[in-house]
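**Q** Before I ask anything, let me first share the structure, which is written out below as structure tokens.
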Amino acid sequence: MNIKRNYEYLLSDLNSIKGVGVKTANLLKKKKVNTIFDLLWKLPKSYTDRSISSKIKDLKIEEIQTITIIPQKYSFPRIRNLPNRVLCKDETGEIDCVFFNSFEGYIKKILPIGKEITISGKVKYFRNKYQLTNPKYISEDSSIVKQKHNSYSLTEGISEKVYNKIILQIIENLPKVDEWHSKDIMKRFDNISWNDSIKKLHNPENIGKFKENFYQRLAFDEIFSTFLVNSEIRKKIKKIKKTKKKFDIKKQKEIISKLDFFLTNDQNKTLDEINKDLCSEKKMFRLLQGDVGSGKTIVSLLSAFNTINSGFQVAVMAPTEILARQHYILAEKIFPQNINIELISGKSSYGEKKVILDRLLKNKINLIFGTHALFQKKVEFKKLGLIIIDEQHKFGVNQRKKLSDKAGKDCDVLLMTATPIPRTLTMTIYGDMDLSIIREKPKVRKPIKTYSKLENKIEDVIKFIKKEIQLGNQIFWVCPLIEESKKIDHTSAVKKSKYLEKLFPKQVFLLHGKTTSEEKEIILNKFLKNEFKILVSTTIIEVGIDFPNANVIVIENANKFGLSQLHQLRGRVGRGNKDSSCILMFKSNLSENAKKRIKILKDSNDGFVISEEDMNLRGFGDILGFKQSGIKNFKLADPLLNQDLFLLAEKEIRRIEKTKEDISRYKPLIKLYDKADIINDIV
Ligand code: ADP
Ligand code: MG
């Protein structure tokens, strides 16, 4: 068969593979294998070498071996439970092929008397005779048996043999793809083509050869295609010409001068970057990334202020009502009277909402705060100039693009995230946006003291928090979700809150998975007003909320969290000007690795540093935000091991952007690899 295929063949349905029927296809689909291309990433885990054959006299017992024999005699006992046997021979000896549960007809067909047959399997020795039980690899064509047979982590219902056959067929039929990479990039990988790389990838002898060109090239393809899609989205958004915002920077200065603190250098720097975007005729699509407590809110509010001063409306979306309210209160406090500010809340009555919607449409509200409800269809603006979204790391690239499209041509977009992640991941997840980073924290902030304690020393912890409570301070007590059993998690948190309640009557509230969002709001509000002292929780409390009076956080079972997560939790305290502490509790003595991790946390208060170190210790899979990013984990590329490839991809993208290279040559790459499913918009 000599059919000319192009890359699109790889995107075709599984049914187009010979030997894959509806049943097999459905089994594979259950494992999210929908196209031939998806199958290419099901790699052999190990292999059995059946290529070398031996003679019967040299057989080794309990080992898998291949022999060529001639069947001599059948013995089909008519007694239940006795197996069928075929006596076989070569010039050096005899062997019995034993079949349980196989029909005579089938046996006669695969082992015809007098014919030369090659078989392979594990050899046993039984009653003075060699024996092969239920051999699976049998053929008149010795070359079919004498191969390296791969084993895969199998999909239930599909045998290894079928799998091998399917993969072999695909590899043999790989379409010729035109090289999409530039010469320089190809040189870096010793000019190995995509086809050859895939072939090598499936050669079981290459298992684990991550450093070799074929593997590196394929990993690079994955990274590069992700970056390329990001770059195209960015370009597309930048191409939109918008009305430049014009505002008097003096007014911004007035607001700043009235704050009860000075902006940090990084706050000033990022504010400049945003202002420049606002004043440009290119649409802004920017991410403000900064650790918990680095002061992103004021930066975003000042950019809102400037936007309003150029005659536009601004919408600020927060993940929770409490956070929306907190931002709203701050804006009311620092902005001049003439700016109309509103909060749209789930609690607003129908009438109130209607008034707000009406005034928005008439441009009588300049600035509105709310939750995601803000982006419902019926919420319409007269002149929306900026959308600010706080703590949005759950948005994928698709949703962001949609948001920007929907926002309208004159509307800039500013997203904020308090999840510092390693640079390679930022490039991957947020590569469609421009980036502003706040690293430096306000100087007034005192570092949080971090301690570790064994669980049986809980009395020390109680003593400690008693003292803090006497000083008027509040405590977070976190019982982590252990996932294995929500029920157990729940009871342990309930138990803990009862235990604490006994020691601190009327001072303890519990937030858990079953707390409704209304109850949650009420409890958090009470805590905010210092109406009780200890908040026990199993759920992650929104990181963004400012509880200035809470200065101690106790985290039970701390080894259940990643470092970045612990750092985020810790960031809930220390927002006021008091000394604050984070107590990490452990069930048993720490392993060396765990000790290393805790030391990183104690030594550093920089979320970016911590996330890099965390990735070095644990790999990237657990890094906060990556899994939720909407980008599926790479198949081959590893943001930790392949940092050089990430940087190379970034450089190559820059080159393409700079030279304004036509990207149509990358079309097959994007079509095959694009995970965001955004291609139709692009190529
Ligand atoms: P995040 O970046 O986590 O959103 P916030 O904007 O909520 O942080 O700021 C946390 C706290 O730090 C707030 O109480 C805010 O008033 C205060 N803050 C912000 N910037 C500064 C600064 N430059 N100096 C002192 N305090 C600041
Ligand atoms: Mg915040």
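By convention here, the chains of the structure tokens are called A, B, ... in the order presented, each chain's residues are numbered starting at 1, and ligands are numbered starting at 1 in the order presented.
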Contacts of segment 261-274 of chain A at 8 Å or less, counting only C-alpha atoms, minus same-chain residues fewer than 4 places along, as an mmCIF file with N, CA, C and O atoms, in the first residue's frame?

**A**
data_model
loop_
_atom_site.group_PDB
_atom_site.id
_atom_site.type_symbol
_atom_site.label_atom_id
_atom_site.label_comp_id
_atom_site.auth_asym_id
_atom_site.auth_seq_id
_atom_site.Cartn_x
_atom_site.Cartn_y
_atom_site.Cartn_z
ATOM 1 N N ILE A 256 -2.294 59.195 45.576
ATOM 2 C CA ILE A 256 -1.179 58.498 46.220
ATOM 3 C C ILE A 256 -0.710 59.252 47.462
ATOM 4 O O ILE A 256 -0.424 58.653 48.502
ATOM 5 N N LEU A 278 -2.509 51.785 28.966
ATOM 6 C CA LEU A 278 -3.792 52.488 28.889
ATOM 7 C C LEU A 278 -3.714 53.607 27.860
ATOM 8 O O LEU A 278 -4.654 53.838 27.099
ATOM 9 N N ARG A 286 -2.930 42.333 30.125
ATOM 10 C CA ARG A 286 -1.773 42.267 31.019
ATOM 11 C C ARG A 286 -2.095 41.506 32.292
ATOM 12 O O ARG A 286 -3.207 41.548 32.807
ATOM 13 N N LEU A 288 -0.956 41.053 36.207
ATOM 14 C CA LEU A 288 -0.203 41.597 37.329
ATOM 15 C C LEU A 288 0.009 40.455 38.309
ATOM 16 O O LEU A 288 -0.939 39.949 38.904
ATOM 17 N N GLY A 295 0.518 44.012 47.538
ATOM 18 C CA GLY A 295 -0.120 45.304 47.296
ATOM 19 C C GLY A 295 -0.591 45.488 45.859
ATOM 20 O O GLY A 295 -0.423 46.557 45.271
ATOM 21 N N LYS A 296 -1.223 44.490 45.311
ATOM 22 C CA LYS A 296 -1.711 44.594 43.935
ATOM 23 C C LYS A 296 -2.963 45.473 43.855
ATOM 24 O O LYS A 296 -3.186 46.160 42.868
ATOM 25 N N VAL A 299 -2.520 49.160 43.165
ATOM 26 C CA VAL A 299 -2.052 49.374 41.791
ATOM 27 C C VAL A 299 -3.231 49.291 40.822
ATOM 28 O O VAL A 299 -3.408 50.148 39.947
ATOM 29 N N SER A 300 -4.075 48.289 41.022
ATOM 30 C CA SER A 300 -5.191 48.134 40.098
ATOM 31 C C SER A 300 -6.198 49.273 40.267
ATOM 32 O O SER A 300 -6.755 49.767 39.290
ATOM 33 N N LEU A 302 -5.579 52.314 41.210
ATOM 34 C CA LEU A 302 -5.052 53.542 40.605
ATOM 35 C C LEU A 302 -5.209 53.509 39.082
ATOM 36 O O LEU A 302 -5.523 54.532 38.467
ATOM 37 N N SER A 303 -5.031 52.344 38.488
ATOM 38 C CA SER A 303 -5.231 52.288 37.035
ATOM 39 C C SER A 303 -6.713 52.447 36.703
ATOM 40 O O SER A 303 -7.058 53.035 35.668
ATOM 41 N N SER A 436 3.407 42.001 34.335
ATOM 42 C CA SER A 436 3.978 42.938 35.302
ATOM 43 C C SER A 436 4.133 42.206 36.621
ATOM 44 O O SER A 436 3.195 41.565 37.080
ATOM 45 N N ILE A 437 5.305 42.287 37.188
ATOM 46 C CA ILE A 437 5.558 41.511 38.402
ATOM 47 C C ILE A 437 5.910 42.410 39.588
ATOM 48 O O ILE A 437 6.737 43.302 39.473
ATOM 49 N N ILE A 438 5.222 42.175 40.702
ATOM 50 C CA ILE A 438 5.617 42.836 41.956
ATOM 51 C C ILE A 438 6.356 41.801 42.794
ATOM 52 O O ILE A 438 5.771 40.807 43.200
ATOM 53 N N ARG A 439 7.622 42.038 43.006
ATOM 54 C CA ARG A 439 8.404 41.100 43.816
ATOM 55 C C ARG A 439 8.571 41.618 45.243
ATOM 56 O O ARG A 439 8.538 40.884 46.207
ATOM 57 N N GLU A 440 8.776 42.934 45.299
ATOM 58 C CA GLU A 440 9.129 43.549 46.559
ATOM 59 C C GLU A 440 7.864 43.749 47.391
ATOM 60 O O GLU A 440 6.850 44.210 46.886
ATOM 61 N N LYS A 441 7.933 43.402 48.666
ATOM 62 C CA LYS A 441 6.748 43.603 49.515
ATOM 63 C C LYS A 441 6.877 44.912 50.288
ATOM 64 O O LYS A 441 7.980 45.395 50.496
ATOM 65 N N PRO A 442 5.747 45.474 50.718
ATOM 66 C CA PRO A 442 5.815 46.700 51.518
ATOM 67 C C PRO A 442 6.768 46.538 52.699
ATOM 68 O O PRO A 442 6.754 45.493 53.350
ATOM 69 N N LYS A 443 7.562 47.564 52.930
ATOM 70 C CA LYS A 443 8.598 47.435 53.959
ATOM 71 C C LYS A 443 8.033 47.322 55.364
ATOM 72 O O LYS A 443 8.635 46.711 56.243
#

**Q** Please identify the residues whose atoms come within 12 Å of ligand 2, using only C-alpha atoms and all ligand atoms, and report them as a PyMOL selection string.

**A** chain A and resi 288-301+316-320+322-324+326-327+388-392+415-419+542-547+568+571-572+575

**Q** Smallest atom-to-atom distance to Pro505 of chain A: which of A:Ile534, A:Lys520, A:Lys402, A:Lys596, using only C-alpha atoms?

**A**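 Closest to Pro505 of chain A, using only C-alpha atoms: A:Ile534.
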
**Q** Listing only residues of segment 39-73 of chain A within 9 Å of segment 105-125 of chain A, what is the closest atom pair and its distance in Å (to one decimal) for each, using only C-alpha atoms, sorted by chain and residue number ascending, as JSON lines?

**A**
{"residue": "A:Arg50", "atom": "CA", "partner": "A:Ser120", "partner_atom": "CA", "distance": 6.7}
{"residue": "A:Ser53", "atom": "CA", "partner": "A:Ser120", "partner_atom": "CA", "distance": 8.6}
{"residue": "A:Leu59", "atom": "CA", "partner": "A:Val123", "partner_atom": "CA", "distance": 7.5}
{"residue": "A:Lys60", "atom": "CA", "partner": "A:Val123", "partner_atom": "CA", "distance": 7.0}
{"residue": "A:Ile61", "atom": "CA", "partner": "A:Lys124", "partner_atom": "CA", "distance": 5.3}
{"residue": "A:Glu62", "atom": "CA", "partner": "A:Val123", "partner_atom": "CA", "distance": 5.3}
{"residue": "A:Glu63", "atom": "CA", "partner": "A:Lys122", "partner_atom": "CA", "distance": 5.1}
{"residue": "A:Ile64", "atom": "CA", "partner": "A:Lys122", "partner_atom": "CA", "distance": 4.1}
{"residue": "A:Gln65", "atom": "CA", "partner": "A:Ser120", "partner_atom": "CA", "distance": 5.5}
{"residue": "A:Thr66", "atom": "CA", "partner": "A:Ser120", "partner_atom": "CA", "distance": 4.2}
{"residue": "A:Ile67", "atom": "CA", "partner": "A:Ile119", "partner_atom": "CA", "distance": 5.7}
{"residue": "A:Thr68", "atom": "CA", "partner": "A:Thr118", "partner_atom": "CA", "distance": 4.2}
{"residue": "A:Ile69", "atom": "CA", "partner": "A:Ile117", "partner_atom": "CA", "distance": 5.5}
{"residue": "A:Ile70", "atom": "CA", "partner": "A:Glu116", "partner_atom": "CA", "distance": 4.9}
{"residue": "A:Pro71", "atom": "CA", "partner": "A:Ile113", "partner_atom": "CA", "distance": 4.7}
{"residue": "A:Gln72", "atom": "CA", "partner": "A:Ile113", "partner_atom": "CA", "distance": 5.4}
{"residue": "A:Lys73", "atom": "CA", "partner": "A:Ile113", "partner_atom": "CA", "distance": 6.8}

**Q** For Lys242 of chain A, which residue among A:Asp410, A:Ser193, A:Phe224, A:Arg85 is the nearest when counting only C-alpha atoms?

**A**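 Using only C-alpha atoms, the shortest distance to Lys242 of chain A belongs to A:Asp410.
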
**Q** Which one of A:Ile523, A:Leu641, A:Leu569, A:Ile339 sits closest to ligand 1 if you count only C-alpha atoms and all ligand atoms?

**A**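 Using only C-alpha atoms and all ligand atoms, ligand 1 sits closest to A:Leu569.
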
**Q** Pick out the closest residue to ligand 1 from this set: A:Glu94, A:Glu556, A:Asp260, A:Glu501. Count only C-alpha atoms and all ligand atoms.

**A**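 Looking only at the distances to ligand 1, the closest residue turns out to be A:Asp260.
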
**Q** Where does DSSP see strand (DSSP E or B) in segment 312-491 of chain A, if you list the residues as a VMD selection string?

**A** chain A and resid 313 to 317 341 to 343 367 to 370 384 to 389 412 to 417 434 to 438 449 to 454 474 to 478

**Q** Which residue out of A:Lys406, A:Lys333, A:Lys533, A:Lys362 has the minimum interatomic distance to ligand 1 when only C-alpha atoms and all ligand atoms are used?

**A**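 Using only C-alpha atoms and all ligand atoms, ligand 1 sits closest to A:Lys333.
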
**Q** In Å, how far is it from atom CA of Lys276 of chain A to atom CA of Glu661 of chain A?

**A** 26.7 Å

**Q** Near Glu254 of chain A, counting only C-alpha atoms, which residues have an atom at most 12 Å away, once you skip same-chain residues fewer than 3 positions from it, shown as a ChimeraX atom specification?

**A** /A:248-251,257-259,302,305-306,334-336

**Q** Take the residues from that selection and write them out as a short mmCIF file (atom, residue, chain, number, x, y, z; two decimals), in the first residue's frame, keeping N, CA and C atoms.

**A**
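That gives us again_3.cif:
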data_model
loop_
_atom_site.label_atom_id
_atom_site.label_comp_id
_atom_site.auth_asym_id
_atom_site.auth_seq_id
_atom_site.Cartn_x
_atom_site.Cartn_y
_atom_site.Cartn_z
N ASP A 248 -4.85 62.89 33.45
CA ASP A 248 -3.87 63.78 34.07
C ASP A 248 -3.18 63.03 35.21
N ILE A 249 -1.91 62.79 35.05
CA ILE A 249 -1.18 61.97 36.03
C ILE A 249 -1.11 62.67 37.39
N LYS A 250 -1.32 64.00 37.37
CA LYS A 250 -1.30 64.75 38.63
C LYS A 250 -2.38 64.25 39.58
N LYS A 251 -3.51 63.91 38.99
CA LYS A 251 -4.62 63.45 39.83
C LYS A 251 -4.28 62.14 40.52
N SER A 257 -0.70 60.57 47.35
CA SER A 257 -0.18 61.35 48.48
C SER A 257 -1.08 61.23 49.71
N LYS A 258 -2.32 60.87 49.49
CA LYS A 258 -3.23 60.75 50.64
C LYS A 258 -3.23 59.36 51.27
N LEU A 259 -2.55 58.41 50.63
CA LEU A 259 -2.49 57.06 51.20
C LEU A 259 -1.67 57.09 52.48
N LEU A 302 -5.58 52.31 41.21
CA LEU A 302 -5.05 53.54 40.60
C LEU A 302 -5.21 53.51 39.08
N PHE A 305 -8.68 54.33 38.42
CA PHE A 305 -8.88 55.77 38.60
C PHE A 305 -8.50 56.54 37.32
N ASN A 306 -7.33 56.18 36.77
CA ASN A 306 -6.88 56.86 35.54
C ASN A 306 -7.83 56.61 34.37
N ILE A 334 -10.57 56.06 49.14
CA ILE A 334 -9.46 56.82 48.55
C ILE A 334 -9.84 57.66 47.33
N PHE A 335 -10.97 57.39 46.71
CA PHE A 335 -11.33 58.15 45.51
C PHE A 335 -12.17 59.37 45.87
N PRO A 336 -12.03 60.44 45.07
CA PRO A 336 -12.82 61.64 45.35
C PRO A 336 -14.33 61.39 45.18
#

**Q** Quick check for you: according to DSSP on this backbone, which residues of segment 472-630 of chain A are classed as helix (DSSP H, G or I)? Reply as a compact mmCIF listing (two decimals) with N, CA, C and O atoms, in the first residue's frame.

**A**
# COMPACT_ATOMS: atom_id res chain seq x y z
N LYS A 486 -13.55 12.39 52.29
CA LYS A 486 -14.09 13.68 52.70
C LYS A 486 -14.75 13.56 54.07
O LYS A 486 -14.75 14.49 54.86
N LYS A 487 -15.31 12.40 54.31
CA LYS A 487 -16.03 12.19 55.55
C LYS A 487 -15.08 12.29 56.75
O LYS A 487 -15.36 12.97 57.72
N ILE A 488 -13.95 11.58 56.62
CA ILE A 488 -12.97 11.62 57.71
C ILE A 488 -12.45 13.03 57.90
O ILE A 488 -12.32 13.52 59.01
N ASP A 489 -12.18 13.70 56.79
CA ASP A 489 -11.71 15.08 56.88
C ASP A 489 -12.68 15.92 57.68
O ASP A 489 -12.31 16.69 58.55
N HIS A 490 -13.95 15.70 57.33
CA HIS A 490 -14.99 16.47 57.96
C HIS A 490 -15.01 16.21 59.47
O HIS A 490 -14.94 17.14 60.27
N THR A 491 -15.04 14.93 59.87
CA THR A 491 -15.10 14.64 61.30
C THR A 491 -13.87 15.17 62.02
O THR A 491 -13.97 15.65 63.14
N SER A 492 -12.71 15.06 61.39
CA SER A 492 -11.52 15.52 62.11
C SER A 492 -11.56 17.03 62.33
O SER A 492 -11.14 17.53 63.36
N ALA A 493 -12.10 17.75 61.36
CA ALA A 493 -12.22 19.20 61.53
C ALA A 493 -13.27 19.53 62.60
O ALA A 493 -13.08 20.42 63.41
N VAL A 494 -14.38 18.79 62.58
CA VAL A 494 -15.42 19.01 63.59
C VAL A 494 -14.86 18.73 64.99
O VAL A 494 -15.04 19.51 65.92
N LYS A 495 -14.13 17.63 65.08
CA LYS A 495 -13.52 17.26 66.36
C LYS A 495 -12.59 18.36 66.85
O LYS A 495 -12.61 18.75 68.01
N LYS A 496 -11.77 18.85 65.91
CA LYS A 496 -10.80 19.87 66.29
C LYS A 496 -11.51 21.13 66.77
O LYS A 496 -11.13 21.73 67.76
N SER A 497 -12.58 21.50 66.09
CA SER A 497 -13.25 22.73 66.51
C SER A 497 -13.93 22.53 67.86
O SER A 497 -13.99 23.45 68.67
N LYS A 498 -14.42 21.30 68.13
CA LYS A 498 -15.03 21.04 69.44
C LYS A 498 -13.98 21.11 70.54
O LYS A 498 -14.21 21.66 71.62
N TYR A 499 -12.83 20.53 70.24
CA TYR A 499 -11.71 20.56 71.18
C TYR A 499 -11.32 22.00 71.51
O TYR A 499 -11.17 22.39 72.68
N LEU A 500 -11.22 22.81 70.46
CA LEU A 500 -10.83 24.21 70.68
C LEU A 500 -11.94 24.99 71.39
O LEU A 500 -11.67 25.84 72.23
N GLU A 501 -13.16 24.65 71.04
CA GLU A 501 -14.31 25.32 71.64
C GLU A 501 -14.32 25.13 73.16
O GLU A 501 -14.69 26.04 73.92
N LYS A 502 -13.91 23.93 73.60
CA LYS A 502 -13.85 23.67 75.04
C LYS A 502 -12.84 24.58 75.71
O LYS A 502 -13.05 25.07 76.81
N LEU A 503 -11.72 24.77 75.02
CA LEU A 503 -10.66 25.60 75.60
C LEU A 503 -10.97 27.09 75.46
O LEU A 503 -10.58 27.89 76.30
N SER A 517 -22.31 28.99 50.78
CA SER A 517 -21.56 30.22 50.56
C SER A 517 -22.14 31.38 51.36
O SER A 517 -21.40 32.28 51.77
N GLU A 518 -23.45 31.33 51.63
CA GLU A 518 -24.02 32.41 52.47
C GLU A 518 -23.49 32.32 53.90
O GLU A 518 -23.07 33.31 54.48
N GLU A 519 -23.51 31.08 54.42
CA GLU A 519 -23.00 30.89 55.79
C GLU A 519 -21.54 31.33 55.88
O GLU A 519 -21.11 31.96 56.84
N LYS A 520 -20.83 30.97 54.83
CA LYS A 520 -19.41 31.29 54.79
C LYS A 520 -19.19 32.80 54.88
O LYS A 520 -18.36 33.29 55.65
N GLU A 521 -19.97 33.53 54.07
CA GLU A 521 -19.87 34.98 54.08
C GLU A 521 -20.11 35.53 55.48
O GLU A 521 -19.40 36.41 55.95
N ILE A 522 -21.15 34.98 56.13
CA ILE A 522 -21.52 35.47 57.46
C ILE A 522 -20.38 35.22 58.44
O ILE A 522 -19.96 36.10 59.19
N ILE A 523 -19.85 33.99 58.41
CA ILE A 523 -18.78 33.65 59.34
C ILE A 523 -17.54 34.50 59.09
O ILE A 523 -16.95 35.06 60.01
N LEU A 524 -17.18 34.63 57.82
CA LEU A 524 -15.98 35.42 57.51
C LEU A 524 -16.16 36.88 57.92
O LEU A 524 -15.24 37.52 58.42
N ASN A 525 -17.37 37.38 57.72
CA ASN A 525 -17.63 38.76 58.14
C ASN A 525 -17.50 38.94 59.64
O ASN A 525 -16.98 39.94 60.12
N LYS A 526 -18.00 37.94 60.38
CA LYS A 526 -17.87 38.00 61.85
C LYS A 526 -16.40 37.98 62.25
O LYS A 526 -15.99 38.68 63.17
N PHE A 527 -15.67 37.14 61.56
CA PHE A 527 -14.24 37.04 61.87
C PHE A 527 -13.55 38.36 61.57
O PHE A 527 -12.73 38.86 62.35
N LEU A 528 -13.93 38.94 60.46
CA LEU A 528 -13.38 40.22 60.05
C LEU A 528 -13.65 41.29 61.11
O LEU A 528 -12.81 42.15 61.39
N ALA A 558 0.81 19.48 57.92
CA ALA A 558 1.37 20.43 56.95
C ALA A 558 2.05 19.74 55.78
O ALA A 558 2.17 20.31 54.69
N ASN A 559 2.46 18.50 55.97
CA ASN A 559 3.13 17.81 54.85
C ASN A 559 2.17 17.47 53.71
O ASN A 559 2.60 17.04 52.66
N LYS A 560 0.89 17.68 53.94
CA LYS A 560 -0.08 17.42 52.87
C LYS A 560 -0.10 18.55 51.83
O LYS A 560 -0.74 18.44 50.80
N LEU A 563 4.77 23.45 48.98
CA LEU A 563 5.37 24.64 49.59
C LEU A 563 4.67 25.92 49.17
O LEU A 563 4.43 26.80 49.99
N SER A 564 4.33 26.00 47.90
CA SER A 564 3.68 27.22 47.43
C SER A 564 2.35 27.41 48.14
O SER A 564 1.98 28.52 48.51
N GLN A 565 1.68 26.31 48.36
CA GLN A 565 0.40 26.38 49.04
C GLN A 565 0.57 26.82 50.49
O GLN A 565 -0.18 27.66 50.98
N LEU A 566 1.57 26.24 51.15
CA LEU A 566 1.84 26.64 52.54
C LEU A 566 2.17 28.12 52.59
O LEU A 566 1.72 28.85 53.47
N HIS A 567 2.94 28.54 51.60
CA HIS A 567 3.31 29.95 51.56
C HIS A 567 2.08 30.84 51.38
O HIS A 567 1.96 31.90 52.01
N GLN A 568 1.18 30.39 50.54
CA GLN A 568 -0.06 31.15 50.34
C GLN A 568 -0.90 31.20 51.59
O GLN A 568 -1.44 32.24 51.95
N LEU A 569 -0.99 30.06 52.26
CA LEU A 569 -1.76 30.01 53.50
C LEU A 569 -1.13 30.96 54.52
O LEU A 569 -1.81 31.74 55.18
N ARG A 570 0.17 30.87 54.61
CA ARG A 570 0.89 31.71 55.57
C ARG A 570 0.63 33.19 55.28
O ARG A 570 0.57 34.01 56.19
N GLU A 592 13.98 13.62 55.54
CA GLU A 592 15.01 14.59 55.15
C GLU A 592 14.48 15.57 54.12
O GLU A 592 14.70 16.77 54.20
N ASN A 593 13.76 15.02 53.17
CA ASN A 593 13.19 15.86 52.11
C ASN A 593 12.21 16.88 52.69
O ASN A 593 12.22 18.06 52.34
N ALA A 594 11.38 16.41 53.60
CA ALA A 594 10.40 17.30 54.23
C ALA A 594 11.12 18.40 55.01
O ALA A 594 10.72 19.56 54.99
N LYS A 595 12.21 18.01 55.68
CA LYS A 595 12.97 19.01 56.44
C LYS A 595 13.52 20.09 55.52
O LYS A 595 13.49 21.27 55.83
N LYS A 596 14.02 19.64 54.37
CA LYS A 596 14.56 20.58 53.39
C LYS A 596 13.50 21.58 52.97
O LYS A 596 13.73 22.77 52.87
N ARG A 597 12.31 21.02 52.70
CA ARG A 597 11.23 21.88 52.23
C ARG A 597 10.84 22.90 53.29
O ARG A 597 10.63 24.08 52.99
N ILE A 598 10.73 22.45 54.53
CA ILE A 598 10.34 23.37 55.60
C ILE A 598 11.40 24.46 55.78
O ILE A 598 11.08 25.62 56.02
N LYS A 599 12.64 24.07 55.58
CA LYS A 599 13.71 25.05 55.74
C LYS A 599 13.57 26.17 54.69
O LYS A 599 13.76 27.34 54.98
N ILE A 600 13.23 25.76 53.48
CA ILE A 600 13.04 26.75 52.41
C ILE A 600 11.97 27.75 52.83
O ILE A 600 12.11 28.96 52.70
N LEU A 601 10.91 27.22 53.39
CA LEU A 601 9.78 28.04 53.80
C LEU A 601 10.18 28.99 54.94
O LEU A 601 9.78 30.15 54.98
N LYS A 602 10.99 28.46 55.87
CA LYS A 602 11.41 29.29 56.99
C LYS A 602 12.39 30.36 56.55
O LYS A 602 12.41 31.46 57.07
N ASP A 603 13.23 30.01 55.56
CA ASP A 603 14.29 30.93 55.15
C ASP A 603 13.81 32.01 54.20
O ASP A 603 14.45 33.04 54.07
N GLY A 607 7.51 34.32 47.41
CA GLY A 607 6.75 33.26 46.76
C GLY A 607 7.39 32.76 45.48
O GLY A 607 7.27 31.58 45.14
N PHE A 608 8.09 33.64 44.76
CA PHE A 608 8.72 33.21 43.52
C PHE A 608 9.86 32.25 43.80
O PHE A 608 10.00 31.21 43.17
N VAL A 609 10.68 32.62 44.79
CA VAL A 609 11.80 31.76 45.17
C VAL A 609 11.26 30.41 45.65
O VAL A 609 11.73 29.34 45.24
N ILE A 610 10.24 30.47 46.49
CA ILE A 610 9.69 29.25 47.06
C ILE A 610 9.13 28.33 45.97
O ILE A 610 9.35 27.12 45.99
N SER A 611 8.45 28.91 45.00
CA SER A 611 7.86 28.06 43.96
C SER A 611 8.94 27.40 43.11
O SER A 611 8.80 26.25 42.70
N GLU A 612 10.04 28.12 42.85
CA GLU A 612 11.14 27.51 42.08
C GLU A 612 11.73 26.34 42.87
O GLU A 612 11.99 25.27 42.34
N GLU A 613 11.95 26.59 44.17
CA GLU A 613 12.56 25.55 45.00
C GLU A 613 11.62 24.35 45.12
O GLU A 613 12.06 23.20 45.10
N ASP A 614 10.36 24.65 45.25
CA ASP A 614 9.36 23.59 45.37
C ASP A 614 9.38 22.72 44.11
O ASP A 614 9.34 21.50 44.18
N MET A 615 9.46 23.38 42.98
CA MET A 615 9.48 22.64 41.73
C MET A 615 10.75 21.78 41.67
O MET A 615 10.72 20.63 41.24
N ASN A 616 11.87 22.34 42.13
CA ASN A 616 13.11 21.56 42.13
C ASN A 616 13.01 20.31 42.98
O ASN A 616 13.56 19.28 42.65
N LEU A 617 12.26 20.42 44.07
CA LEU A 617 12.16 19.28 44.97
C LEU A 617 11.08 18.29 44.57
O LEU A 617 11.22 17.10 44.76
N ARG A 618 10.00 18.81 44.04
CA ARG A 618 8.86 17.92 43.83
C ARG A 618 8.42 17.76 42.38
O ARG A 618 7.46 17.07 42.09
N LYS A 627 -2.21 22.83 37.41
CA LYS A 627 -3.23 21.86 37.05
C LYS A 627 -4.53 22.55 36.65
O LYS A 627 -5.24 22.09 35.78
N GLN A 628 -4.83 23.65 37.33
CA GLN A 628 -6.09 24.33 37.04
C GLN A 628 -5.96 25.24 35.83
O GLN A 628 -6.88 25.93 35.47
N SER A 629 -4.78 25.26 35.25
CA SER A 629 -4.53 26.29 34.25
C SER A 629 -5.30 26.07 32.96
O SER A 629 -5.37 26.95 32.14

**Q** Between A:Ile365, A:Asn605, A:Lys383, A:Arg423, single out the one closest to Arg445 of chain A, counting only C-alpha atoms.

**A**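 Closest to Arg445 of chain A, using only C-alpha atoms: A:Asn605.
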
**Q** Near Ser345 of chain A, within 9 Å and counting only C-alpha atoms, which residues show up once chain neighbours fewer than 3 positions away are dropped, as a PyMOL selection string?

**A** chain A and resi 321+324-325+348-349+353+369-371+373

**Q** Please, could you write that set of residues out with C-alpha atoms as a JSON list (two decimals), in the first residue's frame?

**A**
[["chain", "number", "residue", "atom", "x", "y", "z"],
["A", 321, "GLU", "CA", -18.47, 38.94, 47.60],
["A", 324, "ALA", "CA", -15.48, 42.60, 46.16],
["A", 325, "ARG", "CA", -16.80, 44.49, 49.18],
["A", 348, "SER", "CA", -28.89, 43.32, 46.21],
["A", 349, "SER", "CA", -32.63, 43.21, 45.67],
["A", 353, "LYS", "CA", -29.97, 45.67, 40.70],
["A", 369, "PHE", "CA", -17.31, 45.98, 41.88],
["A", 370, "GLY", "CA", -18.79, 42.51, 41.89],
["A", 371, "THR", "CA", -18.24, 38.81, 41.45],
["A", 373, "ALA", "CA", -22.10, 37.96, 38.06]]

**Q** Suppose you want the space between atom CA of Leu386 of chain A and atom CA of Ser310 of chain A; what is it in Å?

**A** 11.0 Å
